[in-house]
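Chemist: Sharing run.csv here; it has CSV, C-alpha atoms and all ligand atoms.
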```
chain,number,residue,atom,x,y,z
A,3,MET,CA,-13.8,-12.2,-9.7
A,4,TYR,CA,-11.0,-9.6,-10.3
A,5,ASN,CA,-11.2,-8.4,-13.9
A,6,PRO,CA,-10.4,-4.6,-14.1
A,7,ALA,CA,-10.6,-2.9,-17.5
A,8,ARG,CA,-7.4,-3.1,-19.7
A,9,VAL,CA,-5.7,-5.3,-17.2
A,10,LYS,CA,-4.6,-8.7,-18.6
A,11,ILE,CA,-5.3,-11.7,-16.5
A,12,SER,CA,-5.1,-15.5,-17.1
A,13,PRO,CA,-7.7,-18.2,-16.2
A,14,GLU,CA,-4.8,-20.3,-14.9
A,15,LEU,CA,-4.0,-17.7,-12.2
A,16,PRO,CA,-7.5,-16.6,-10.9
A,17,ILE,CA,-7.3,-13.5,-8.7
A,18,PRO,CA,-9.8,-12.8,-5.9
A,19,GLU,CA,-11.5,-9.4,-5.7
A,20,GLN,CA,-10.4,-9.2,-2.0
A,21,MET,CA,-7.1,-10.3,-0.7
A,22,ARG,CA,-5.7,-11.1,2.8
A,23,ALA,CA,-3.3,-8.4,3.9
A,24,TRP,CA,-1.6,-7.4,7.2
A,25,VAL,CA,-2.3,-3.8,7.9
A,26,LEU,CA,-0.7,-1.4,10.4
A,27,GLY,CA,-3.0,-0.2,13.2
A,28,GLY,CA,-1.2,1.9,15.8
A,29,PRO,CA,2.5,1.5,16.7
A,30,ASP,CA,3.4,-2.2,17.0
A,31,GLU,CA,-0.2,-3.3,16.0
A,32,LEU,CA,-0.7,-5.4,12.9
A,33,PHE,CA,-4.0,-6.9,11.8
A,34,LEU,CA,-4.8,-9.5,9.2
A,35,ARG,CA,-7.7,-8.0,7.1
A,36,ASP,CA,-9.4,-8.3,3.8
A,37,LYS,CA,-8.5,-5.5,1.4
A,38,PRO,CA,-9.3,-4.9,-2.3
A,39,THR,CA,-6.7,-6.6,-4.5
A,40,PRO,CA,-4.8,-3.7,-6.1
A,41,VAL,CA,-5.0,-2.8,-9.8
A,42,PRO,CA,-1.8,-2.3,-11.8
A,43,GLY,CA,-1.6,0.8,-14.0
A,44,ARG,CA,0.6,1.7,-17.0
A,45,ALA,CA,4.0,0.0,-16.8
A,46,GLU,CA,2.9,-1.9,-13.7
A,47,VAL,CA,2.1,-5.6,-12.9
A,48,LEU,CA,0.3,-7.4,-10.1
A,49,VAL,CA,2.6,-9.7,-8.2
A,50,ARG,CA,1.2,-12.7,-6.3
A,51,ILE,CA,3.5,-12.8,-3.2
A,52,ASP,CA,5.0,-16.2,-2.5
A,53,ALA,CA,7.7,-15.3,0.1
A,54,VAL,CA,8.7,-12.1,2.0
A,55,ALA,CA,11.8,-11.6,4.2
A,56,ILE,CA,11.7,-9.4,7.3
A,57,CYS,CA,14.1,-6.5,7.5
A,58,ALA,CA,15.2,-4.4,10.5
A,59,THR,CA,13.5,-1.5,8.7
A,60,ASP,CA,10.2,-3.3,8.8
A,61,LEU,CA,10.5,-3.5,12.6
A,62,GLU,CA,11.2,0.2,12.8
A,63,ILE,CA,8.3,1.1,10.5
A,64,ILE,CA,5.9,-1.1,12.5
A,65,HIS,CA,7.1,0.5,15.7
A,66,ALA,CA,7.7,4.2,14.8
A,67,GLY,CA,6.5,4.7,11.3
A,68,SER,CA,8.4,5.0,8.0
A,69,PRO,CA,11.4,7.4,8.0
A,70,ALA,CA,10.5,7.9,4.3
A,71,HIS,CA,6.9,8.8,4.9
A,72,ILE,CA,7.1,12.3,3.7
A,73,GLN,CA,3.6,13.0,2.6
A,74,GLY,CA,0.5,12.2,4.6
A,75,GLY,CA,2.2,11.8,8.0
A,76,LEU,CA,3.0,8.4,9.6
A,77,PRO,CA,1.4,5.3,8.2
A,78,PHE,CA,-0.5,4.3,11.4
A,79,ASN,CA,-4.2,3.5,11.2
A,80,LYS,CA,-4.3,4.1,7.4
A,81,ASN,CA,-4.8,0.6,6.2
A,82,PHE,CA,-1.1,0.6,5.3
A,83,THR,CA,0.7,-2.7,4.5
A,84,PRO,CA,4.4,-2.9,5.2
A,85,GLY,CA,7.0,-5.4,3.9
A,86,HIS,CA,9.4,-4.8,1.1
A,87,GLU,CA,11.7,-7.8,0.5
A,88,TYR,CA,9.3,-10.1,-1.4
A,89,MET,CA,9.1,-12.3,-4.4
A,90,GLY,CA,6.4,-14.2,-6.3
A,91,ALA,CA,4.7,-14.8,-9.6
A,92,ILE,CA,3.3,-12.2,-12.0
A,93,ALA,CA,-0.5,-12.5,-11.8
A,94,ALA,CA,-1.8,-9.7,-14.0
A,95,LEU,CA,-0.3,-7.2,-16.4
A,96,GLY,CA,-1.2,-3.5,-16.5
A,97,PRO,CA,-2.3,-1.8,-19.8
A,98,ASP,CA,0.1,-2.5,-22.6
A,99,VAL,CA,2.7,-4.3,-20.5
A,100,ASP,CA,4.5,-6.8,-22.7
A,101,GLU,CA,7.9,-6.9,-21.0
A,102,PHE,CA,6.7,-9.8,-18.7
A,103,ALA,CA,4.3,-12.7,-18.9
A,104,ILE,CA,1.8,-13.9,-16.4
A,105,GLY,CA,3.2,-16.8,-14.3
A,106,GLU,CA,6.9,-15.6,-14.5
A,107,ARG,CA,8.7,-15.7,-11.2
A,108,VAL,CA,10.1,-12.4,-10.1
A,109,THR,CA,11.7,-10.7,-7.1
A,110,VAL,CA,11.5,-7.0,-6.5
A,111,GLU,CA,13.4,-3.8,-5.8
A,112,ILE,CA,11.8,-1.4,-3.3
A,113,HIS,CA,12.0,1.8,-5.2
A,114,ALA,CA,10.3,2.9,-8.4
A,115,GLY,CA,11.5,6.5,-8.9
A,116,CYS,CA,9.3,9.1,-10.7
A,117,GLY,CA,11.6,8.6,-13.7
A,118,GLN,CA,11.6,12.3,-14.5
A,119,CYS,CA,13.6,14.1,-11.8
A,120,LYS,CA,17.4,14.8,-12.1
A,121,ARG,CA,18.3,11.9,-9.7
A,122,CYS,CA,16.1,9.3,-11.4
A,123,ARG,CA,17.6,10.4,-14.8
A,124,GLN,CA,21.1,9.6,-13.2
A,125,GLY,CA,19.9,6.1,-12.0
A,126,MET,CA,19.7,7.3,-8.4
A,127,TYR,CA,16.0,6.4,-8.1
A,128,THR,CA,16.3,5.5,-4.5
A,129,ALA,CA,17.1,9.2,-3.8
A,130,CYS,CA,14.2,10.4,-6.1
A,131,LEU,CA,13.5,14.1,-5.6
A,132,ASN,CA,9.8,13.2,-5.8
A,133,TYR,CA,10.1,10.7,-2.9
A,134,GLY,CA,6.7,9.9,-1.4
A,135,LYS,CA,4.7,11.4,-4.2
A,136,PRO,CA,2.7,8.6,-5.9
A,137,GLU,CA,1.0,11.2,-8.1
A,138,LYS,CA,4.4,11.8,-9.7
A,139,GLY,CA,4.9,8.0,-10.3
A,140,HIS,CA,7.1,7.4,-7.2
A,141,ARG,CA,6.6,4.1,-5.3
A,142,ALA,CA,8.6,2.7,-2.4
A,143,ASN,CA,6.6,-0.4,-1.6
A,144,GLY,CA,6.4,-1.1,2.2
A,145,PHE,CA,7.6,2.5,2.9
A,146,THR,CA,5.3,4.9,1.1
A,147,THR,CA,3.1,2.6,-0.9
A,148,ASP,CA,1.6,-0.8,0.1
A,149,GLY,CA,4.1,-3.6,0.5
A,150,GLY,CA,4.5,-7.3,0.7
A,151,PHE,CA,2.9,-8.5,3.9
A,152,ALA,CA,-0.1,-9.4,1.7
A,153,GLU,CA,-1.2,-11.8,-0.9
A,154,TYR,CA,-0.7,-9.4,-3.8
A,155,ALA,CA,1.2,-6.1,-4.5
A,156,VAL,CA,1.5,-3.8,-7.5
A,157,ASN,CA,5.0,-3.2,-8.9
A,158,HIS,CA,6.5,-1.0,-11.6
A,159,ILE,CA,8.2,-3.2,-14.3
A,160,ASN,CA,11.5,-1.4,-13.5
A,161,THR,CA,11.5,-2.9,-10.0
A,162,LEU,CA,11.2,-6.5,-11.2
A,163,VAL,CA,14.1,-9.0,-11.4
A,164,ARG,CA,13.5,-12.4,-13.0
A,165,VAL,CA,14.2,-15.4,-10.8
A,166,PRO,CA,15.9,-18.5,-12.3
A,167,ASP,CA,14.2,-21.9,-11.8
A,168,THR,CA,17.2,-23.1,-9.8
A,169,MET,CA,16.6,-20.5,-7.1
A,170,SER,CA,14.3,-21.1,-4.2
A,171,ASP,CA,11.6,-18.6,-3.1
A,172,PRO,CA,13.4,-17.7,0.2
A,173,GLU,CA,16.7,-17.2,-1.6
A,174,ALA,CA,15.1,-14.9,-4.1
A,175,THR,CA,13.8,-12.6,-1.3
A,176,LEU,CA,17.5,-11.9,-0.3
A,177,VAL,CA,18.3,-10.3,-3.7
A,178,VAL,CA,17.3,-6.8,-2.5
A,179,THR,CA,19.6,-7.1,0.5
A,180,ALA,CA,22.5,-8.2,-1.8
A,181,GLY,CA,21.5,-5.4,-4.1
A,182,THR,CA,21.9,-2.9,-1.3
A,183,SER,CA,25.4,-4.2,-0.6
A,184,MET,CA,26.2,-4.1,-4.4
A,185,TYR,CA,24.9,-0.5,-4.6
A,186,GLY,CA,27.3,0.5,-1.8
A,187,LEU,CA,30.2,-0.8,-3.8
A,188,THR,CA,28.9,0.8,-7.0
A,189,GLU,CA,28.6,4.2,-5.4
A,190,LEU,CA,32.2,3.9,-4.1
A,191,GLY,CA,33.2,3.9,-7.8
A,192,GLY,CA,32.9,0.1,-8.5
A,193,LEU,CA,35.2,-2.5,-7.1
A,194,VAL,CA,38.5,-3.3,-8.9
A,195,ALA,CA,39.8,-6.8,-8.2
A,196,GLY,CA,42.6,-6.8,-5.7
A,197,GLU,CA,41.4,-3.8,-3.7
A,198,SER,CA,41.1,-4.3,0.1
A,199,VAL,CA,37.7,-4.0,1.7
A,200,VAL,CA,36.7,-3.9,5.3
A,201,VAL,CA,33.0,-4.5,6.2
A,202,ILE,CA,32.0,-3.3,9.7
A,203,GLY,CA,28.9,-5.0,11.2
A,204,PRO,CA,27.8,-8.5,10.3
A,205,GLY,CA,24.1,-7.8,9.9
A,206,PRO,CA,22.4,-9.0,6.7
A,207,ILE,CA,23.7,-6.1,4.5
A,208,GLY,CA,27.2,-6.4,6.0
A,209,LEU,CA,27.3,-10.2,5.5
A,210,LEU,CA,26.2,-10.0,1.9
A,211,ALA,CA,28.6,-7.0,1.4
A,212,VAL,CA,31.4,-9.5,2.3
A,213,ALA,CA,30.0,-12.0,-0.2
A,214,VAL,CA,29.6,-9.5,-3.0
A,215,ALA,CA,33.0,-7.9,-2.5
A,216,LYS,CA,34.6,-11.3,-2.5
A,217,ALA,CA,32.7,-12.3,-5.7
A,218,LEU,CA,34.0,-9.1,-7.4
A,219,GLY,CA,37.6,-10.0,-6.5
A,220,ALA,CA,38.3,-7.9,-3.5
A,221,SER,CA,41.4,-8.9,-1.5
A,222,PRO,CA,41.7,-9.1,1.4
A,223,VAL,CA,38.1,-8.9,2.7
A,224,ILE,CA,38.0,-8.2,6.4
A,225,LEU,CA,34.8,-8.3,8.5
A,226,THR,CA,34.6,-6.8,12.0
A,227,GLY,CA,31.8,-7.3,14.6
A,228,THR,CA,31.0,-8.4,18.1
A,229,ARG,CA,29.2,-11.7,17.7
A,230,ASN,CA,31.4,-14.7,16.9
A,231,LYS,CA,28.5,-16.8,15.4
A,232,ARG,CA,27.8,-14.1,12.8
A,233,LEU,CA,31.5,-13.5,12.1
A,234,ALA,CA,31.8,-17.3,11.4
A,235,ILE,CA,29.0,-16.9,8.8
A,236,GLY,CA,31.0,-14.0,7.3
A,237,GLN,CA,33.9,-16.3,7.0
A,238,GLU,CA,31.8,-18.9,5.1
A,239,LEU,CA,30.7,-16.1,2.8
A,240,GLY,CA,34.3,-15.2,1.9
A,241,ALA,CA,35.9,-13.0,4.6
A,242,ASP,CA,39.6,-13.6,4.6
A,243,ARG,CA,39.9,-12.4,8.2
A,244,VAL,CA,37.3,-11.7,10.9
A,245,VAL,CA,37.9,-9.4,13.9
A,246,ASN,CA,35.9,-9.5,17.1
A,247,ILE,CA,36.3,-5.8,18.1
A,248,ASN,CA,35.7,-6.8,21.8
A,249,ASP,CA,38.9,-8.9,21.7
A,250,GLU,CA,41.1,-7.2,19.1
A,251,ASP,CA,42.0,-3.8,17.8
A,252,ALA,CA,40.3,-3.6,14.5
A,253,VAL,CA,42.2,-0.5,13.2
A,254,GLY,CA,45.5,-2.1,14.1
A,255,ILE,CA,44.7,-5.4,12.4
A,256,VAL,CA,43.4,-3.7,9.2
A,257,ARG,CA,46.6,-1.7,9.0
A,258,GLN,CA,48.7,-4.8,9.6
A,259,LEU,CA,46.9,-6.7,6.8
A,260,THR,CA,47.3,-3.9,4.3
A,261,GLY,CA,51.0,-3.2,4.5
A,262,GLY,CA,50.5,-0.5,7.2
A,263,ILE,CA,48.5,1.8,5.1
A,264,GLY,CA,44.8,0.9,5.7
A,265,ALA,CA,42.0,-0.4,3.5
A,266,ASP,CA,41.0,1.0,0.1
A,267,TYR,CA,37.3,0.7,0.9
A,268,VAL,CA,35.4,0.5,4.2
A,269,ILE,CA,31.7,-0.3,4.3
A,270,GLU,CA,30.2,0.8,7.6
A,271,CYS,CA,27.1,-1.3,8.4
A,272,ALA,CA,26.9,-0.9,12.2
A,273,GLY,CA,26.1,2.8,12.6
A,274,THR,CA,27.7,3.5,16.0
A,275,GLU,CA,30.0,6.4,16.9
A,276,ALA,CA,32.8,3.9,17.8
A,277,THR,CA,32.6,2.0,14.5
A,278,ILE,CA,32.3,5.1,12.3
A,279,ASN,CA,35.5,6.4,13.9
A,280,GLN,CA,37.2,3.0,13.4
A,281,ALA,CA,36.1,3.3,9.7
A,282,ILE,CA,37.7,6.7,9.4
A,283,HIS,CA,41.0,5.5,10.9
A,284,MET,CA,41.3,2.2,9.0
A,285,THR,CA,40.8,3.8,5.5
A,286,ASN,CA,44.0,4.5,3.6
A,287,ARG,CA,44.9,8.0,2.2
A,288,GLY,CA,42.6,8.7,-0.8
A,289,GLY,CA,40.4,5.7,0.2
A,290,LYS,CA,36.6,5.6,0.4
A,291,ILE,CA,34.1,5.0,3.1
A,292,CYS,CA,30.5,3.9,2.5
A,293,LEU,CA,28.1,4.7,5.3
A,294,ALA,CA,25.3,2.1,5.0
A,295,ALA,CA,23.8,2.2,8.5
A,296,PHE,CA,21.8,4.9,10.2
A,297,PRO,CA,23.2,6.2,13.5
A,298,HIS,CA,20.3,7.1,15.8
A,299,ASP,CA,22.1,10.1,17.3
A,300,PRO,CA,24.5,12.7,16.0
A,301,VAL,CA,28.1,11.3,15.9
A,302,THR,CA,31.3,13.1,16.8
A,303,THR,CA,34.1,12.2,14.3
A,304,ASP,CA,37.6,13.2,13.4
A,305,ILE,CA,36.7,15.3,10.3
A,306,ALA,CA,40.3,16.8,10.1
A,307,HIS,CA,41.6,13.3,9.6
A,308,LEU,CA,39.3,12.8,6.6
A,309,ILE,CA,40.4,16.1,5.1
A,310,ARG,CA,44.1,15.7,5.7
A,311,ASN,CA,44.0,12.2,4.1
A,312,ASN,CA,41.7,13.0,1.2
A,313,ILE,CA,39.2,10.3,2.3
A,314,TYR,CA,35.9,10.2,0.5
A,315,VAL,CA,32.7,9.5,2.4
A,316,TYR,CA,29.5,8.3,0.7
A,317,GLY,CA,26.0,8.0,2.2
A,318,ILE,CA,24.0,5.3,0.4
A,319,ARG,CA,20.3,4.7,0.4
A,320,GLY,CA,18.7,1.5,-0.7
A,321,GLU,CA,19.5,-0.3,-4.0
A,322,GLY,CA,19.9,2.2,-6.9
A,323,ARG,CA,21.5,1.9,-10.3
A,324,SER,CA,19.9,-1.5,-11.0
A,325,ALA,CA,22.3,-3.0,-8.4
A,326,THR,CA,19.7,-5.7,-7.6
A,327,HIS,CA,20.1,-7.0,-11.2
A,328,ARG,CA,23.8,-7.3,-10.8
A,329,ALA,CA,23.4,-9.0,-7.4
A,330,MET,CA,21.0,-11.5,-9.0
A,331,GLU,CA,23.5,-12.4,-11.7
A,332,LEU,CA,26.1,-13.3,-9.0
A,333,MET,CA,23.5,-15.3,-7.0
A,334,ALA,CA,22.2,-17.1,-10.1
A,335,GLU,CA,25.7,-18.2,-10.9
A,336,LYS,CA,26.1,-19.4,-7.3
A,337,ARG,CA,29.1,-17.1,-6.7
A,338,PHE,CA,28.0,-17.0,-3.1
A,339,ASP,CA,25.3,-18.7,-1.0
A,340,ALA,CA,23.1,-16.0,0.3
A,341,THR,CA,20.9,-18.6,2.1
A,342,ARG,CA,23.6,-18.7,4.8
A,343,ILE,CA,21.8,-15.7,6.3
A,344,HIS,CA,18.3,-17.2,6.0
A,345,THR,CA,17.7,-18.8,9.4
A,346,HIS,CA,13.9,-19.2,9.9
A,347,THR,CA,10.7,-19.7,7.9
A,348,PHE,CA,7.1,-19.1,9.0
A,349,PRO,CA,3.7,-19.2,7.3
A,350,PHE,CA,2.0,-16.0,6.3
A,351,ALA,CA,-0.6,-16.3,9.1
A,352,ASP,CA,2.3,-16.4,11.6
A,353,LEU,CA,3.8,-13.1,10.7
A,354,PRO,CA,3.7,-11.8,14.3
A,355,THR,CA,5.8,-14.8,15.4
A,356,ALA,CA,8.2,-14.2,12.5
A,357,LEU,CA,8.5,-10.5,13.5
A,358,ARG,CA,9.2,-11.5,17.1
A,359,TYR,CA,12.0,-13.9,16.0
A,360,ALA,CA,13.5,-11.1,13.9
A,361,ARG,CA,13.2,-8.4,16.6
A,362,GLU,CA,14.4,-10.5,19.6
A,363,ARG,CA,16.9,-12.5,17.5
A,364,VAL,CA,15.3,-15.7,18.9
A,365,GLU,CA,17.6,-18.7,18.2
A,366,ASP,CA,20.2,-16.3,16.6
A,367,ALA,CA,17.7,-15.4,13.9
A,368,ILE,CA,19.2,-13.3,11.0
A,369,LYS,CA,16.8,-13.3,8.0
A,370,VAL,CA,13.3,-14.6,8.9
A,371,VAL,CA,11.2,-15.4,5.8
A,372,VAL,CA,7.4,-15.7,5.7
A,373,THR,CA,5.9,-17.9,2.9
A,374,ASN,CA,2.5,-17.4,1.5
A,375,GLU,CA,1.3,-20.9,0.7
A,376,GLN,CA,-0.8,-20.8,3.8
A,377,ALA,CA,-2.5,-17.6,2.5
A,378,SER,CA,-3.9,-19.4,-0.5
A,379,ALA,CA,-5.1,-22.2,1.7
A,380,ILE,CA,-6.8,-19.7,4.1
A,381,ALA,CA,-8.4,-17.9,1.1
A,382,SER,CA,-9.8,-21.1,-0.5
A,383,ALA,CA,-11.0,-22.4,2.9
A,384,ALA,CA,-12.9,-19.1,3.4
A,385,GLU,CA,-14.7,-19.2,0.0
B,1,ZN,ZN,15.1,-4.1,3.8
B,2,ZN,ZN,12.6,10.9,-9.4
```
What would the structure in this file look like if it were written as structure tokens?
Modeler:
Amino acid sequence: MYNPARVKISPELPIPEQMRAWVLGGPDELFLRDKPTPVPGRAEVLVRIDAVAICATDLEIIHAGSPAHIQGGLPFNKNFTPGHEYMGAIAALGPDVDEFAIGERVTVEIHAGCGQCKRCRQGMYTACLNYGKPEKGHRANGFTTDGGFAEYAVNHINTLVRVPDTMSDPEATLVVTAGTSMYGLTELGGLVAGESVVVIGPGPIGLLAVAVAKALGASPVILTGTRNKRLAIGQELGADRVVNINDEDAVGIVRQLTGGIGADYVIECAGTEATINQAIHMTNRGGKICLAAFPHDPVTTDIAHLIRNNIYVYGIRGEGRSATHRAMELMAEKRFDATRIHTHTFPFADLPTALRYARERVEDAIKVVVTNEQASAIASAAE
């Protein structure tokens, strides 16, 4: 059995020496394999993964490699385990960890910065200057270090968020998505109640940006997109007005709803040239734009309009400044129902089906969650 030196375990949560894990072969190849259960170091714990949500970034990493894989090249054929939006129970404590107890339910942030560079010291650990250097203490589980499509993963204690008993496992996997939306608003300078917010693009981050902005008192909150079903979910999550940009002029409507001047904040979650230009023209003078989606190609924009109007543009990455903790507070208080974006659930062994549902948006899938109960069943049957 698993019993590494100086690691605290409990007889109530026995841990196997080998775990089941999905590993990346070549592009678009995943295999279910046995892998040694990882060992937590100083300030780290071992998390038994109970549920993991699939993110569009997982699909990209499985197809083309991690954009963040700076050292050691692409993660193909290196026994790498993707997956980063997971939750579970603490199964083992690294040396001297007393901040958490075995058995506690936790959900996770992706990034543990090195803790020593200038950006980490500013709370911007998702933009750590030692990104991709585990020897410096940096981890980005599912990007540069092993992630959550497995029975267990190692997490730095700074990446853990406690899950209240009233919250289900699938809902807890959505905290990192809500945390990313929260980080966008934080980087814009924090939301002041009564300010107007436009969210462009009703993907998971956009939909939860609507929910978080509304919970923080934004008014009005306007959501733009092209799919009416998703816009309707945005309305349930708090959008005061939704705009289908195929049918209506988004810039004109935003101006009309803001006394002719445009919105204070625009959060761009679509990443196309057309929507980025809409963002620029619907922001008011002195307003702020948060770019939260990655355009695949260089984009031509009206930079002179930004300068003439003193508009601020922010690029955000991930979920820094403990935004995940603040998102969890709102979700724990039921200020919004994040589960509106959770559409499908599959067992761990069916991960390929779950990925297909997410990739092809089968049955209008938004967030597809994989639960790990089956993994324990498979493991005990094999013993
Ligand atoms: Zn993600
Ligand atoms: Zn750092």
Chemist: Can you tell me which residues sit at most 12 Å away from ligand ZN 2 (chain B), counting all atoms listed in the file, written as a ChimeraX atom specification?
Modeler: /A:113-142,322
Chemist: Find the distance between CA of Arg361 in chain A and CA of Met184 in chain A and write it in Å to one decimal.
Modeler: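 Distance reported for this atom pair: 25.1 Å.
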Chemist: Please determine, counting all atoms listed in the file, which residue among A:Arg107, A:Arg310, A:His344, A:His86 has the shortest atom-to-atom distance to ligand ZN 1 (chain B).
Modeler: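 Between A:Arg107, A:Arg310, A:His344, A:His86, the residue approaching ligand ZN 1 (chain B) most closely is A:His86.
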Chemist: Please compute the CA of Leu95 in chain A-CA of Arg44 in chain A distance, one decimal, in Å.
Modeler: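 The value is 9.0 Å.
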Chemist: What is the CA of Arg35 in chain A to CA of Ala23 in chain A distance in Å?
Modeler: 5.5 Å
Chemist: For Glu189 in chain A, list every protein, DNA or RNA residue within 9 Å, evaluated using all atoms listed in the file, and leave out those in the same chain fewer than 5 positions away; present the list as a compact mmCIF listing (two decimals) with C-alpha atoms, in the frame of the given file.
Modeler:
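Dumped to result.txt:
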```txt
# COMPACT_ATOMS: atom_id res chain seq x y z
CA MET A 184 26.20 -4.10 -4.40
CA CYS A 292 30.50 3.90 2.50
CA TYR A 316 29.50 8.30 0.70
CA GLY A 317 26.00 8.00 2.20
CA ILE A 318 24.00 5.30 0.40
CA ARG A 323 21.50 1.90 -10.30
```
Chemist: Sort by chain and increasing residue number a table of all residues of chain A within 8 Å of ligand ZN 1 (chain B), each with its closest pair of atoms and their distance in Å to one decimal, counting only C-alpha atoms and all ligand atoms, and write it as CSV.
Modeler:
```
residue,atom,partner,partner_atom,distance
A:Ile56,CA,B:ZN1,ZN,7.2
A:Cys57,CA,B:ZN1,ZN,4.5
A:Ala58,CA,B:ZN1,ZN,6.7
A:Thr59,CA,B:ZN1,ZN,5.8
A:Asp60,CA,B:ZN1,ZN,7.0
A:His86,CA,B:ZN1,ZN,6.3
A:Glu87,CA,B:ZN1,ZN,6.0
A:Val178,CA,B:ZN1,ZN,7.2
A:Thr179,CA,B:ZN1,ZN,6.3
```
Chemist: Which of these residues is nearest to Ala213 in chain A, using all atoms listed in the file: A:Ala329, A:Ala276, A:Ala367, A:Ala281?
Modeler: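 For Ala213 in chain A, the nearest of the candidates is A:Ala329.
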Chemist: Place a sphere of radius 9 Å on (2.9, -0.4, 0.1) in the file coordinates and name every protein, DNA or RNA residue with an atom inside or on its surface, counting only C-alpha atoms; give the answer as number ranges by chain.
Modeler: A: 82-86, 141-151, 155-156
Chemist: Keeping only C-alpha atoms, write the selected residues as a PDB file, in the coordinates of the input.
Modeler:
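Result file follows (part32.pdb):
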```
ATOM      1  CA  PHE A  82      -1.100   0.600   5.300  1.00  0.00           C
ATOM      2  CA  THR A  83       0.700  -2.700   4.500  1.00  0.00           C
ATOM      3  CA  PRO A  84       4.400  -2.900   5.200  1.00  0.00           C
ATOM      4  CA  GLY A  85       7.000  -5.400   3.900  1.00  0.00           C
ATOM      5  CA  HIS A  86       9.400  -4.800   1.100  1.00  0.00           C
ATOM      6  CA  ARG A 141       6.600   4.100  -5.300  1.00  0.00           C
ATOM      7  CA  ALA A 142       8.600   2.700  -2.400  1.00  0.00           C
ATOM      8  CA  ASN A 143       6.600  -0.400  -1.600  1.00  0.00           C
ATOM      9  CA  GLY A 144       6.400  -1.100   2.200  1.00  0.00           C
ATOM     10  CA  PHE A 145       7.600   2.500   2.900  1.00  0.00           C
ATOM     11  CA  THR A 146       5.300   4.900   1.100  1.00  0.00           C
ATOM     12  CA  THR A 147       3.100   2.600  -0.900  1.00  0.00           C
ATOM     13  CA  ASP A 148       1.600  -0.800   0.100  1.00  0.00           C
ATOM     14  CA  GLY A 149       4.100  -3.600   0.500  1.00  0.00           C
ATOM     15  CA  GLY A 150       4.500  -7.300   0.700  1.00  0.00           C
ATOM     16  CA  PHE A 151       2.900  -8.500   3.900  1.00  0.00           C
ATOM     17  CA  ALA A 155       1.200  -6.100  -4.500  1.00  0.00           C
ATOM     18  CA  VAL A 156       1.500  -3.800  -7.500  1.00  0.00           C
TER      19      VAL A 156
END
```
Chemist: Name the closest residue to Gly90 in chain A among the candidates A:Gly43, A:Pro206, A:Pro172, A:Gly240; distances are taken between atoms, counting only C-alpha atoms.
Modeler: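 For Gly90 in chain A, the nearest of the candidates is A:Pro172.
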Chemist: So which residues touch Gly205 in chain A within 10 Å, counting all atoms listed in the file, skipping near sequence neighbours fewer than 5 positions away, as a PyMOL selection string?
Modeler: chain A and resi 58+210-211+227+232-233+236+271-272+343+368-369
Chemist: Choose the residue, out of A:Asn157, A:Asn81, A:Ser12, A:Asn246, that has the smallest atom-to-atom separation from Leu48 in chain A; count all atoms listed in the file.
Modeler: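 Among the listed residues, the smallest separation from Leu48 in chain A belongs to A:Asn157.
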Chemist: Near Asp339 in chain A, within 9 Å and counting all atoms listed in the file, which residues show up once chain neighbours fewer than 6 positions away are dropped, as a PyMOL selection string?
Modeler: chain A and resi 173+213+238-239+333
Chemist: Kindly reconstruct range 94-103 of chain A with N, CA and C atoms and present the result as an mmCIF file, in the frame of the given file.
Modeler:
```cif
data_model
loop_
_atom_site.group_PDB
_atom_site.id
_atom_site.type_symbol
_atom_site.label_atom_id
_atom_site.label_comp_id
_atom_site.auth_asym_id
_atom_site.auth_seq_id
_atom_site.Cartn_x
_atom_site.Cartn_y
_atom_site.Cartn_z
ATOM 1 N N ALA A 94 -0.998 -10.482 -13.006
ATOM 2 C CA ALA A 94 -1.800 -9.700 -14.000
ATOM 3 C C ALA A 94 -0.856 -8.583 -14.516
ATOM 4 N N LEU A 95 -1.159 -8.176 -15.754
ATOM 5 C CA LEU A 95 -0.300 -7.200 -16.400
ATOM 6 C C LEU A 95 -1.163 -5.891 -16.604
ATOM 7 N N GLY A 96 -0.577 -4.749 -16.263
ATOM 8 C CA GLY A 96 -1.200 -3.500 -16.500
ATOM 9 C C GLY A 96 -1.368 -3.181 -17.969
ATOM 10 N N PRO A 97 -2.110 -2.101 -18.345
ATOM 11 C CA PRO A 97 -2.300 -1.800 -19.800
ATOM 12 C C PRO A 97 -1.041 -1.737 -20.559
ATOM 13 N N ASP A 98 -1.010 -2.461 -21.666
ATOM 14 C CA ASP A 98 0.100 -2.500 -22.600
ATOM 15 C C ASP A 98 1.411 -3.018 -22.127
ATOM 16 N N VAL A 99 1.430 -3.667 -20.979
ATOM 17 C CA VAL A 99 2.700 -4.300 -20.500
ATOM 18 C C VAL A 99 2.957 -5.551 -21.318
ATOM 19 N N ASP A 100 4.100 -5.587 -22.018
ATOM 20 C CA ASP A 100 4.500 -6.800 -22.700
ATOM 21 C C ASP A 100 5.887 -7.255 -22.416
ATOM 22 N N GLU A 101 6.490 -6.610 -21.401
ATOM 23 C CA GLU A 101 7.900 -6.900 -21.000
ATOM 24 C C GLU A 101 7.922 -8.213 -20.165
ATOM 25 N N PHE A 102 6.809 -8.570 -19.541
ATOM 26 C CA PHE A 102 6.700 -9.800 -18.700
ATOM 27 C C PHE A 102 5.501 -10.559 -19.043
ATOM 28 N N ALA A 103 5.493 -11.837 -18.626
ATOM 29 C CA ALA A 103 4.300 -12.700 -18.900
ATOM 30 C C ALA A 103 3.731 -13.162 -17.590
#
```
